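Novice: Structure file entry.tsv (TSV, C-alpha atoms) is given on the next line.
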chain	number	residue	atom	x	y	z
A	113	MET	CA	106.98	38.05	8.03
A	114	ALA	CA	106.19	36.55	11.43
A	115	GLN	CA	108.11	33.47	12.49
A	116	LYS	CA	106.16	30.32	13.28
A	117	LEU	CA	106.91	28.91	16.72
A	118	VAL	CA	105.75	25.62	18.26
A	119	ILE	CA	106.11	25.63	22.06
A	120	ALA	CA	106.24	22.39	24.05
A	121	LEU	CA	105.38	23.08	27.69
A	122	GLY	CA	106.99	20.90	30.36
A	123	GLY	CA	105.22	19.77	33.49
A	124	ASN	CA	106.56	22.67	35.56
A	125	ALA	CA	104.60	25.04	33.32
A	126	LEU	CA	101.40	23.47	34.65
A	127	GLN	CA	102.32	22.41	38.17
A	128	THR	CA	105.28	23.37	40.35
A	129	LYS	CA	106.92	21.23	43.02
A	130	ASN	CA	105.43	23.42	45.74
A	131	SER	CA	101.89	23.63	44.37
A	132	ALA	CA	99.08	21.31	45.38
A	133	PRO	CA	97.94	18.74	42.77
A	134	THR	CA	94.54	20.41	42.39
A	135	ALA	CA	92.81	22.08	39.47
A	136	GLU	CA	92.78	25.39	41.35
A	137	ALA	CA	96.53	25.28	42.01
A	138	GLN	CA	97.21	24.29	38.40
A	139	LEU	CA	95.25	27.28	37.12
A	140	GLU	CA	97.39	29.63	39.21
A	141	VAL	CA	100.58	28.14	37.75
A	142	VAL	CA	99.12	28.30	34.23
A	143	LYS	CA	98.31	31.99	34.69
A	144	SER	CA	101.99	32.68	35.36
A	145	THR	CA	103.03	30.49	32.43
A	146	CYS	CA	100.68	32.29	30.07
A	147	GLU	CA	102.20	35.67	30.93
A	148	HIS	CA	105.45	34.41	29.38
A	149	ILE	CA	103.66	32.98	26.33
A	150	ALA	CA	101.65	36.16	25.79
A	151	GLU	CA	104.86	38.17	25.90
A	152	ILE	CA	106.37	35.91	23.23
A	153	SER	CA	103.25	36.37	21.11
A	154	ASN	CA	103.49	40.12	21.65
A	155	LEU	CA	106.95	40.04	20.04
A	156	GLY	CA	105.29	38.95	16.80
A	157	TYR	CA	105.69	35.18	16.82
A	158	GLU	CA	102.85	33.00	15.54
A	159	ILE	CA	102.39	30.30	18.16
A	160	ALA	CA	100.96	26.85	18.72
A	161	ILE	CA	101.17	25.19	22.14
A	162	VAL	CA	101.69	21.54	23.03
A	163	HIS	CA	101.57	20.51	26.70
A	164	GLY	CA	102.29	17.42	28.73
A	165	ASN	CA	99.78	15.57	30.90
A	166	GLY	CA	101.78	12.92	32.79
A	167	PRO	CA	100.79	13.89	36.34
A	168	GLN	CA	97.22	14.79	35.39
A	169	VAL	CA	96.32	11.66	33.43
A	170	GLY	CA	97.95	9.53	36.12
A	171	ARG	CA	95.79	11.11	38.81
A	172	MET	CA	92.68	10.63	36.69
A	173	VAL	CA	93.40	6.93	36.34
A	174	LEU	CA	94.00	6.67	40.10
A	175	ALA	CA	90.75	8.51	40.82
A	176	PHE	CA	88.70	6.22	38.59
A	177	GLU	CA	90.35	3.15	40.09
A	178	ALA	CA	89.57	4.36	43.61
A	179	ALA	CA	85.93	4.95	42.65
A	180	LYS	CA	85.49	1.77	40.61
A	181	ASP	CA	82.78	0.46	42.95
A	182	VAL	CA	80.74	3.63	42.36
A	183	VAL	CA	81.39	4.57	38.73
A	184	PRO	CA	82.91	2.56	35.88
A	185	PRO	CA	86.61	3.41	35.26
A	186	MET	CA	87.30	5.27	32.04
A	187	PRO	CA	89.72	3.77	29.48
A	188	PHE	CA	93.22	5.23	29.44
A	189	ASP	CA	92.75	7.00	26.09
A	190	VAL	CA	89.56	8.64	27.38
A	191	CYS	CA	91.47	9.90	30.42
A	192	GLY	CA	93.98	11.39	27.99
A	193	ALA	CA	91.20	13.17	26.13
A	194	MET	CA	89.77	14.48	29.40
A	195	SER	CA	93.18	15.84	30.39
A	196	GLN	CA	93.43	17.66	27.05
A	197	GLY	CA	90.12	19.30	27.77
A	198	TYR	CA	90.76	20.60	31.24
A	199	ILE	CA	94.38	21.63	30.70
A	200	GLY	CA	93.43	23.31	27.45
A	201	TYR	CA	90.59	25.11	29.20
A	202	HIS	CA	93.02	26.53	31.76
A	203	ILE	CA	95.45	27.65	29.05
A	204	GLN	CA	92.65	29.22	26.99
A	205	GLN	CA	91.33	31.17	29.93
A	206	ALA	CA	94.70	32.39	31.21
A	207	LEU	CA	96.33	33.07	27.85
A	208	LYS	CA	93.38	34.95	26.40
A	209	TYR	CA	93.42	37.26	29.42
A	210	ALA	CA	97.20	37.77	29.16
A	211	ILE	CA	96.96	38.49	25.42
A	212	ASN	CA	94.11	41.00	25.86
A	213	LYS	CA	96.00	42.71	28.69
A	214	ARG	CA	98.73	43.52	26.17
A	215	GLY	CA	96.30	45.22	23.83
A	216	ASN	CA	95.86	42.29	21.44
A	217	ASN	CA	92.65	40.51	20.59
A	218	TYR	CA	92.82	37.13	18.94
A	219	PRO	CA	91.33	33.80	19.99
A	220	VAL	CA	92.92	30.90	21.82
A	221	VAL	CA	91.35	27.49	21.16
A	222	THR	CA	92.01	23.91	22.18
A	223	ILE	CA	91.61	21.07	19.71
A	224	ALA	CA	90.96	17.57	21.03
A	225	THR	CA	93.75	16.02	19.00
A	226	GLN	CA	94.15	12.39	18.01
A	227	VAL	CA	97.60	11.17	17.03
A	228	ILE	CA	98.07	7.94	15.12
A	229	VAL	CA	100.63	5.45	16.41
A	230	GLU	CA	101.63	2.07	14.99
A	231	LYS	CA	100.03	-1.00	16.53
A	232	ASP	CA	103.34	-2.88	16.46
A	233	ASP	CA	105.44	-0.05	17.90
A	234	PRO	CA	108.04	-1.73	20.15
A	235	ALA	CA	107.19	0.76	22.92
A	236	PHE	CA	104.12	-1.33	23.77
A	237	LYS	CA	106.47	-4.07	24.99
A	238	ASN	CA	108.74	-1.68	26.90
A	239	PRO	CA	106.85	0.95	28.95
A	240	THR	CA	108.99	4.04	29.65
A	241	LYS	CA	106.71	7.08	29.95
A	242	PRO	CA	106.25	8.29	33.57
A	243	ILE	CA	102.74	9.24	34.67
A	244	GLY	CA	101.13	10.15	37.94
A	245	PRO	CA	102.72	11.06	41.28
A	246	PHE	CA	106.15	10.20	42.65
A	247	TYR	CA	106.62	7.37	45.16
A	248	THR	CA	109.40	6.02	47.33
A	249	GLU	CA	111.01	2.78	46.17
A	250	GLU	CA	109.15	0.87	48.87
A	251	GLU	CA	105.79	2.37	47.85
A	252	ALA	CA	106.50	1.69	44.18
A	253	LYS	CA	107.27	-1.98	44.79
A	254	LYS	CA	104.05	-2.38	46.76
A	255	ILE	CA	101.98	-0.80	43.96
A	256	ALA	CA	103.70	-2.97	41.36
A	257	ASP	CA	102.89	-6.10	43.37
A	258	GLU	CA	99.28	-5.09	44.03
A	259	LYS	CA	98.29	-3.68	40.64
A	260	GLY	CA	100.79	-5.14	38.20
A	261	TYR	CA	102.00	-1.71	37.10
A	262	THR	CA	105.48	-1.17	35.75
A	263	MET	CA	107.29	1.21	38.11
A	264	LYS	CA	110.62	2.87	37.36
A	265	GLU	CA	112.93	5.39	38.99
A	266	ASP	CA	112.53	8.80	37.30
A	267	ALA	CA	115.77	10.78	36.93
A	268	GLY	CA	116.58	10.83	40.62
A	269	ARG	CA	113.23	12.36	41.58
A	270	GLY	CA	111.49	9.23	42.85
A	271	TRP	CA	109.57	6.26	41.46
A	272	ARG	CA	106.60	6.53	39.09
A	273	ARG	CA	104.33	4.31	37.07
A	274	VAL	CA	105.43	4.04	33.44
A	275	VAL	CA	103.26	3.25	30.41
A	276	PRO	CA	104.04	2.64	26.72
A	277	SER	CA	105.16	5.71	24.77
A	278	PRO	CA	104.85	4.95	21.05
A	279	LEU	CA	106.14	7.40	18.46
A	280	PRO	CA	103.61	9.77	16.86
A	281	ARG	CA	103.11	9.12	13.16
A	282	LYS	CA	100.24	11.35	12.05
A	283	ILE	CA	98.20	14.19	13.57
A	284	VAL	CA	94.60	13.48	12.65
A	285	GLU	CA	93.36	17.07	13.07
A	286	ILE	CA	96.36	18.75	11.37
A	287	ASP	CA	94.22	20.34	8.63
A	288	SER	CA	92.17	22.15	11.26
A	289	VAL	CA	95.33	23.41	12.95
A	290	ARG	CA	96.61	24.77	9.63
A	291	LYS	CA	93.32	26.51	8.84
A	292	LEU	CA	93.29	28.24	12.24
A	293	TRP	CA	96.98	29.15	12.24
A	294	ASP	CA	96.87	32.66	10.79
A	295	THR	CA	94.21	33.96	13.17
A	296	THR	CA	94.36	31.84	16.32
A	297	VAL	CA	96.68	30.51	19.01
A	298	VAL	CA	96.00	26.78	18.93
A	299	VAL	CA	96.53	24.41	21.86
A	300	THR	CA	96.91	21.03	20.20
A	301	CYS	CA	98.43	17.55	20.68
A	302	GLY	CA	97.87	17.97	24.42
A	303	GLY	CA	99.64	15.27	26.41
A	304	GLY	CA	101.26	14.22	23.14
A	305	GLY	CA	97.85	13.65	21.59
A	306	ILE	CA	95.23	10.97	22.20
A	307	PRO	CA	97.00	7.83	20.96
A	308	VAL	CA	94.99	5.94	18.35
A	309	ILE	CA	95.72	3.20	15.85
A	310	GLU	CA	94.26	3.21	12.36
A	311	ASN	CA	92.43	0.02	11.44
A	312	ALA	CA	92.34	-1.50	7.97
A	313	ASP	CA	88.83	-0.11	7.41
A	314	GLY	CA	89.97	3.43	8.24
A	315	THR	CA	88.43	3.58	11.71
A	316	LEU	CA	90.47	4.86	14.63
A	317	GLU	CA	90.84	3.03	17.93
A	318	GLY	CA	92.23	4.47	21.17
A	319	VAL	CA	95.07	2.64	22.92
A	320	ALA	CA	96.50	2.70	26.46
A	321	ALA	CA	99.63	4.81	26.07
A	322	VAL	CA	101.03	8.31	26.46
A	323	ILE	CA	102.83	9.85	23.49
A	324	ASP	CA	105.78	11.98	24.52
A	325	LYS	CA	104.72	15.60	24.09
A	326	ASP	CA	108.17	16.61	22.79
A	327	TYR	CA	107.94	14.15	19.89
A	328	ALA	CA	104.38	15.28	19.19
A	329	ALA	CA	105.49	18.93	19.22
A	330	GLU	CA	108.27	18.07	16.77
A	331	LEU	CA	105.82	16.38	14.40
A	332	LEU	CA	103.51	19.39	14.67
A	333	ALA	CA	106.42	21.77	13.99
A	334	GLU	CA	107.27	19.86	10.83
A	335	GLN	CA	103.68	19.74	9.60
A	336	VAL	CA	102.96	23.45	10.09
A	337	ASP	CA	106.37	24.39	8.64
A	338	ALA	CA	107.47	26.09	11.87
A	339	ASP	CA	110.64	28.14	11.97
A	340	ILE	CA	111.49	27.23	15.56
A	341	LEU	CA	110.69	24.32	17.86
A	342	MET	CA	110.97	25.51	21.47
A	343	ILE	CA	110.93	22.93	24.24
A	344	LEU	CA	110.46	24.44	27.70
A	345	THR	CA	111.56	22.48	30.74
A	346	GLU	CA	112.89	22.99	34.27
A	347	VAL	CA	116.50	23.81	33.37
A	348	GLU	CA	117.96	26.79	31.53
A	349	LYS	CA	120.34	24.72	29.39
A	350	VAL	CA	120.95	21.14	28.35
A	351	ALA	CA	123.91	19.67	30.25
A	352	ILE	CA	126.27	16.74	29.92
A	353	ASN	CA	127.42	14.95	33.08
A	354	PHE	CA	124.22	16.30	34.67
A	355	GLY	CA	124.31	16.42	38.46
A	356	LYS	CA	128.00	15.52	38.62
A	357	PRO	CA	130.94	17.73	39.67
A	358	ASN	CA	131.98	18.02	36.03
A	359	GLN	CA	128.53	19.06	34.77
A	360	GLU	CA	128.80	21.21	31.63
A	361	ASP	CA	125.93	23.39	30.44
A	362	LEU	CA	125.69	23.65	26.66
A	363	SER	CA	124.75	26.81	24.75
A	364	HIS	CA	124.84	25.14	21.33
A	365	LEU	CA	124.51	21.63	20.02
A	366	SER	CA	125.15	20.57	16.45
A	367	LEU	CA	123.38	17.47	15.19
A	368	ALA	CA	126.71	15.60	15.28
A	369	ASP	CA	127.47	16.63	18.87
A	370	ALA	CA	123.95	15.83	20.02
A	371	THR	CA	124.19	12.37	18.45
A	372	LYS	CA	127.53	11.79	20.22
A	373	TYR	CA	126.17	12.79	23.63
A	374	VAL	CA	123.01	10.70	23.19
A	375	ASN	CA	125.11	7.65	22.32
A	376	GLU	CA	127.27	8.27	25.39
A	377	GLY	CA	124.16	8.18	27.59
A	378	HIS	CA	124.29	11.74	28.92
A	379	PHE	CA	120.50	12.27	28.83
A	380	ALA	CA	117.94	10.47	31.00
A	381	ALA	CA	115.25	8.51	29.16
A	382	GLY	CA	112.33	9.94	31.11
A	383	SER	CA	113.66	13.47	31.20
A	384	MET	CA	116.08	15.20	28.79
A	385	LEU	CA	116.54	12.45	26.20
A	386	PRO	CA	113.19	12.88	24.38
A	387	LYS	CA	113.71	16.66	24.32
A	388	VAL	CA	117.12	16.38	22.69
A	389	GLN	CA	115.98	13.69	20.29
A	390	ALA	CA	112.91	15.70	19.25
A	391	ALA	CA	115.14	18.73	18.63
A	392	MET	CA	117.53	16.57	16.60
A	393	LYS	CA	114.68	15.20	14.47
A	394	PHE	CA	113.43	18.71	13.74
A	395	VAL	CA	116.78	20.11	12.57
A	396	ARG	CA	117.56	16.92	10.65
A	397	ALA	CA	114.35	17.42	8.66
A	398	ASN	CA	114.87	21.21	8.46
A	399	PRO	CA	118.62	21.93	8.18
A	400	ASP	CA	118.05	25.70	7.89
A	401	LYS	CA	115.96	25.90	11.09
A	402	LYS	CA	116.62	25.53	14.81
A	403	ALA	CA	115.31	24.07	18.01
A	404	VAL	CA	115.69	25.66	21.44
A	405	ILE	CA	115.61	23.96	24.83
A	406	THR	CA	115.38	26.18	27.89
A	407	SER	CA	113.32	27.03	30.97
A	408	LEU	CA	110.03	28.87	30.87
A	409	ASP	CA	111.37	31.98	32.58
A	410	LYS	CA	114.26	32.19	30.11
A	411	ALA	CA	112.19	31.63	26.97
A	412	ILE	CA	112.28	35.21	25.70
A	413	SER	CA	116.02	35.56	26.38
A	414	ALA	CA	116.61	32.24	24.60
A	415	LEU	CA	114.68	33.41	21.52
A	416	ALA	CA	116.97	36.45	21.50
A	417	GLY	CA	120.01	34.16	21.55
A	418	GLN	CA	121.09	35.16	25.06
A	419	THR	CA	120.68	31.80	26.83
A	420	GLY	CA	119.22	28.33	26.47
A	421	THR	CA	120.57	25.53	24.31
A	422	VAL	CA	120.20	26.02	20.56
A	423	ILE	CA	120.25	22.89	18.41
A	424	THR	CA	121.14	23.33	14.75
A	425	PHE	CA	122.06	21.01	11.89
A	426	ALA	CA	125.74	22.05	11.90
What do you get writing this file as structure tokens?
Specialist:
Amino acid sequence: MAQKLVIALGGNALQTKNSAPTAEAQLEVVKSTCEHIAEISNLGYEIAIVHGNGPQVGRMVLAFEAAKDVVPPMPFDVCGAMSQGYIGYHIQQALKYAINKRGNNYPVVTIATQVIVEKDDPAFKNPTKPIGPFYTEEEAKKIADEKGYTMKEDAGRGWRRVVPSPLPRKIVEIDSVRKLWDTTVVVTCGGGGIPVIENADGTLEGVAAVIDKDYAAELLAEQVDADILMILTEVEKVAINFGKPNQEDLSHLSLADATKYVNEGHFAAGSMLPKVQAAMKFVRANPDKKAVITSLDKAISALAGQTGTVITFA
């Protein structure tokens, strides 16, 4: 019986440091990414894909702000939905080609996915999720003064705007994902999902936030009863003392060890922390299953147990 695999794609799977921030350049990166995903699918795994959208949705907001005298700016949640559409389109196009090239023929579809968050989530009072481009400290302070944005340093890579990142509570379109699962590769919860709150009358209302895609992928993995949650990022393994002379790469993390390292502050809030915490949540809810954190180019080797960081209950 095929194993169910939910893959969370990091930003480097859509845009590399050396590529231009254009749709054309993104498509070229996605084509390379989809070769890896198609190869995983070819091994017999049943796959769903969750992707981030931090840089893309940030640029959309900037573009609308720059053009505000010509066209009305779109609300933040609408920008999130737009990013789901165009990133999903690129993945559909590239992955379908890569799948067909390997002699397989099954569809790839993107679902515009709403994810319910709680109106009183404390994240709305403490923005932490980086979006948009990187800035120098001087540039960031100027933007904060001019626009009132919250700007924070992002894991040694520069300064970025941060927005609220509430926890995902419910995937609105989960029934559709389940119905498609057996026949289709589904791209869902893009950018963590379009964040919405549920009103007392049952209506949904979009809010200005970005849900962390790793937490959304974890919720999806639970709700489709996945065997493995795989979080792909820029590094091959999770490390403690990252960037220091005593850095230690980890091949395995038990839930107890992961908890210890989180409490000791080894993982950056805007970088590795949500990945580790999402993996911990998955194995806590599914003690007989595992999560894997590794780089895109090592994904197949990690699934074979040859590299990456495997997180298990014990």
Novice: Go through A:Ala135, A:Leu385, A:Met172, A:Leu362 and flag the residue nearest Lys349 of chain A, using all atoms listed in the file for the distances.
Specialist: A:Leu362
Novice: Using only C-alpha atoms, can you tell me which of A:Leu365, A:Pro386, A:Val319, A:Thr419 comes closest to Asp233 of chain A?
Specialist: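 The shortest atom-to-atom distance to Asp233 of chain A comes from A:Val319.
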Novice: Segment 255-265 of chain A: which residues within 10 Å, counting only C-alpha atoms, same-chain residues fewer than 4 positions away excluded, as number ranges by chain?
Specialist: A: 238-243, 246-251, 269-276, 382
Novice: State, in Å with one decimal place, the distance from atom CA of Ala175 of chain A to atom CA of Thr134 of chain A.
Specialist: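 Going from atom CA of Ala175 of chain A over to atom CA of Thr134 of chain A covers 12.6 Å.
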Novice: For Gly215 of chain A, which of A:Ser153, A:Tyr201, A:Ile228, A:Leu344 is the closest residue, counting all atoms listed in the file?
Specialist: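 Among A:Ser153, A:Tyr201, A:Ile228, A:Leu344, it is A:Ser153 that comes nearest to Gly215 of chain A.
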Novice: Under the rule that only C-alpha atoms are counted, which of A:Cys191, A:Leu316, A:Leu155, A:Ile405 is the nearest residue to Leu341 of chain A?
Specialist: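 Closest to Leu341 of chain A, using only C-alpha atoms: A:Ile405.
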Novice: Just the number, please: distance in Å from atom CA of Glu230 of chain A to atom CA of Ile309 of chain A, one decimal.
Specialist: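 Separating atom CA of Glu230 of chain A from atom CA of Ile309 of chain A is a distance of 6.1 Å.
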Novice: Which one of A:Lys325, A:Leu332, A:Ala267, A:Asn212 sits closest to Val284 of chain A if you count all atoms listed in the file?
Specialist: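 For Val284 of chain A, the nearest of the candidates is A:Leu332.
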Novice: Closest to Gly355 of chain A among A:Gly268, A:Asp409, A:Leu117, A:Gln389, using only C-alpha atoms?
Specialist: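 Selected residue with least distance to Gly355 of chain A: A:Gly268.
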Novice: In Å, rounded to a single decimal, give me how far atom CA of Ile412 of chain A is from atom CA of His148 of chain A.
Specialist: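 Rounded to one decimal, the two atoms are 7.8 Å apart.
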Novice: In file coordinates, which residues lie within 12 Å of (119.4, 20.1, 12.0) using all atoms listed in the file, given as an MDAnalysis selection string?
Specialist: chainID A and resid 339:341 364:371 388:404 422:426
Novice: For the interface of segment 187-285 of chain A with segment 137-147 of chain A (cut-off 7 Å, counting all atoms listed in the file), please tabulate each contacting residue of segment 187-285 of chain A alongside its nearest pair of atoms and their separation in Å to one decimal, rows sorted by chain and increasing number, as CSV.
Specialist:
residue,atom,partner,partner_atom,distance
A:His202,CA,A:Leu139,CA,5.9
A:Ile203,CA,A:Val142,CA,6.4
A:Ala206,CA,A:Lys143,CA,5.0
A:Leu207,CA,A:Cys146,CA,4.9
A:Ala210,CA,A:Glu147,CA,5.7
Novice: Keeping C-alpha atoms for every residue in the selection just given, could you write it to a file as a short mmCIF file (atom, residue, chain, number, x, y, z; two decimals), keeping the file's coordinate frame?
Specialist:
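Result saved to part33.cif:
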data_model
loop_
_atom_site.label_atom_id
_atom_site.label_comp_id
_atom_site.auth_asym_id
_atom_site.auth_seq_id
_atom_site.Cartn_x
_atom_site.Cartn_y
_atom_site.Cartn_z
CA HIS A 202 93.02 26.53 31.76
CA ILE A 203 95.45 27.65 29.05
CA ALA A 206 94.70 32.39 31.21
CA LEU A 207 96.33 33.07 27.85
CA ALA A 210 97.20 37.77 29.16
#
Novice: Please list as an MDAnalysis selection string every residue within 12 Å of Asn311 of chain A, counting only C-alpha atoms and excluding residues in the same chain fewer than 3 positions away.
Specialist: chainID A and resid 228:231 308 314:318
Novice: Please identify all polymer residues within 6 Å of His163 of chain A, counting all atoms listed in the file, omitting same-chain residues fewer than 6 positions from it, and present them as number ranges by chain.
Specialist: A: 120-121, 302-303
Novice: Take segment 224-302 of chain A from the block and save it with C-alpha atoms, as a PDB file, in the first residue's frame.
Specialist:
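Saved result, out.pdb, follows:
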ATOM      1  CA  ALA A 224      -7.696  27.821  -3.447  1.00  0.00           C
ATOM      2  CA  THR A 225      -7.643  26.872   0.217  1.00  0.00           C
ATOM      3  CA  GLN A 226      -9.080  28.820   3.131  1.00  0.00           C
ATOM      4  CA  VAL A 227      -7.778  28.056   6.604  1.00  0.00           C
ATOM      5  CA  ILE A 228      -9.686  29.127   9.692  1.00  0.00           C
ATOM      6  CA  VAL A 229      -7.785  30.955  12.437  1.00  0.00           C
ATOM      7  CA  GLU A 230      -9.039  32.271  15.769  1.00  0.00           C
ATOM      8  CA  LYS A 231      -9.930  35.942  15.957  1.00  0.00           C
ATOM      9  CA  ASP A 232      -8.291  36.272  19.375  1.00  0.00           C
ATOM     10  CA  ASP A 233      -5.089  34.423  18.453  1.00  0.00           C
ATOM     11  CA  PRO A 234      -2.282  36.223  20.331  1.00  0.00           C
ATOM     12  CA  ALA A 235      -0.252  36.331  17.088  1.00  0.00           C
ATOM     13  CA  PHE A 236      -2.333  39.321  15.966  1.00  0.00           C
ATOM     14  CA  LYS A 237      -0.693  41.355  18.746  1.00  0.00           C
ATOM     15  CA  ASN A 238       2.820  40.062  18.024  1.00  0.00           C
ATOM     16  CA  PRO A 239       3.699  39.955  14.293  1.00  0.00           C
ATOM     17  CA  THR A 240       6.488  37.454  13.545  1.00  0.00           C
ATOM     18  CA  LYS A 241       6.022  36.102  10.002  1.00  0.00           C
ATOM     19  CA  PRO A 242       8.531  37.553   7.478  1.00  0.00           C
ATOM     20  CA  ILE A 243       7.188  38.588   4.080  1.00  0.00           C
ATOM     21  CA  GLY A 244       8.596  40.398   1.101  1.00  0.00           C
ATOM     22  CA  PRO A 245      12.211  41.269   0.254  1.00  0.00           C
ATOM     23  CA  PHE A 246      15.212  41.681   2.536  1.00  0.00           C
ATOM     24  CA  TYR A 247      16.437  45.131   3.575  1.00  0.00           C
ATOM     25  CA  THR A 248      19.407  46.593   5.397  1.00  0.00           C
ATOM     26  CA  GLU A 249      18.777  47.770   8.952  1.00  0.00           C
ATOM     27  CA  GLU A 250      18.827  51.381   7.780  1.00  0.00           C
ATOM     28  CA  GLU A 251      16.301  50.690   5.004  1.00  0.00           C
ATOM     29  CA  ALA A 252      14.078  48.745   7.401  1.00  0.00           C
ATOM     30  CA  LYS A 253      13.969  51.574   9.938  1.00  0.00           C
ATOM     31  CA  LYS A 254      13.042  54.051   7.214  1.00  0.00           C
ATOM     32  CA  ILE A 255      10.183  51.823   5.981  1.00  0.00           C
ATOM     33  CA  ALA A 256       8.944  51.321   9.539  1.00  0.00           C
ATOM     34  CA  ASP A 257       8.885  55.083  10.100  1.00  0.00           C
ATOM     35  CA  GLU A 258       7.192  55.845   6.777  1.00  0.00           C
ATOM     36  CA  LYS A 259       4.612  53.058   6.626  1.00  0.00           C
ATOM     37  CA  GLY A 260       4.211  51.888  10.205  1.00  0.00           C
ATOM     38  CA  TYR A 261       5.245  48.333   9.348  1.00  0.00           C
ATOM     39  CA  THR A 262       6.816  46.053  11.910  1.00  0.00           C
ATOM     40  CA  MET A 263      10.324  45.186  10.698  1.00  0.00           C
ATOM     41  CA  LYS A 264      12.526  42.490  12.218  1.00  0.00           C
ATOM     42  CA  GLU A 265      15.908  40.914  11.560  1.00  0.00           C
ATOM     43  CA  ASP A 266      15.450  37.514   9.873  1.00  0.00           C
ATOM     44  CA  ALA A 267      17.936  34.841  10.984  1.00  0.00           C
ATOM     45  CA  GLY A 268      21.021  36.796   9.998  1.00  0.00           C
ATOM     46  CA  ARG A 269      19.855  37.282   6.410  1.00  0.00           C
ATOM     47  CA  GLY A 270      18.663  40.876   6.651  1.00  0.00           C
ATOM     48  CA  TRP A 271      15.579  42.806   7.760  1.00  0.00           C
ATOM     49  CA  ARG A 272      12.035  42.081   6.549  1.00  0.00           C
ATOM     50  CA  ARG A 273       8.495  43.181   7.217  1.00  0.00           C
ATOM     51  CA  VAL A 274       6.681  40.845   9.603  1.00  0.00           C
ATOM     52  CA  VAL A 275       2.932  40.250   9.861  1.00  0.00           C
ATOM     53  CA  PRO A 276       0.763  38.222  12.259  1.00  0.00           C
ATOM     54  CA  SER A 277       1.050  34.451  11.915  1.00  0.00           C
ATOM     55  CA  PRO A 278      -1.913  32.847  13.694  1.00  0.00           C
ATOM     56  CA  LEU A 279      -2.122  29.081  14.107  1.00  0.00           C
ATOM     57  CA  PRO A 280      -4.246  27.148  11.591  1.00  0.00           C
ATOM     58  CA  ARG A 281      -7.291  25.534  13.162  1.00  0.00           C
ATOM     59  CA  LYS A 282      -9.356  24.104  10.302  1.00  0.00           C
ATOM     60  CA  ILE A 283      -8.879  23.568   6.559  1.00  0.00           C
ATOM     61  CA  VAL A 284     -12.139  24.629   4.943  1.00  0.00           C
ATOM     62  CA  GLU A 285     -11.659  22.627   1.723  1.00  0.00           C
ATOM     63  CA  ILE A 286     -10.333  19.447   3.396  1.00  0.00           C
ATOM     64  CA  ASP A 287     -13.192  17.271   2.088  1.00  0.00           C
ATOM     65  CA  SER A 288     -12.261  18.168  -1.482  1.00  0.00           C
ATOM     66  CA  VAL A 289      -8.619  17.299  -0.815  1.00  0.00           C
ATOM     67  CA  ARG A 290      -9.646  13.891   0.561  1.00  0.00           C
ATOM     68  CA  LYS A 291     -11.904  13.152  -2.408  1.00  0.00           C
ATOM     69  CA  LEU A 292      -9.112  13.952  -4.880  1.00  0.00           C
ATOM     70  CA  TRP A 293      -6.364  12.150  -2.956  1.00  0.00           C
ATOM     71  CA  ASP A 294      -6.438   8.730  -4.605  1.00  0.00           C
ATOM     72  CA  THR A 295      -6.232  10.033  -8.165  1.00  0.00           C
ATOM     73  CA  THR A 296      -4.581  13.448  -8.041  1.00  0.00           C
ATOM     74  CA  VAL A 297      -1.559  15.344  -6.753  1.00  0.00           C
ATOM     75  CA  VAL A 298      -3.124  18.245  -4.876  1.00  0.00           C
ATOM     76  CA  VAL A 299      -1.445  21.596  -4.252  1.00  0.00           C
ATOM     77  CA  THR A 300      -3.274  22.957  -1.231  1.00  0.00           C
ATOM     78  CA  CYS A 301      -2.916  25.333   1.739  1.00  0.00           C
ATOM     79  CA  GLY A 302      -0.617  27.463  -0.415  1.00  0.00           C
TER      80      GLY A 302
END
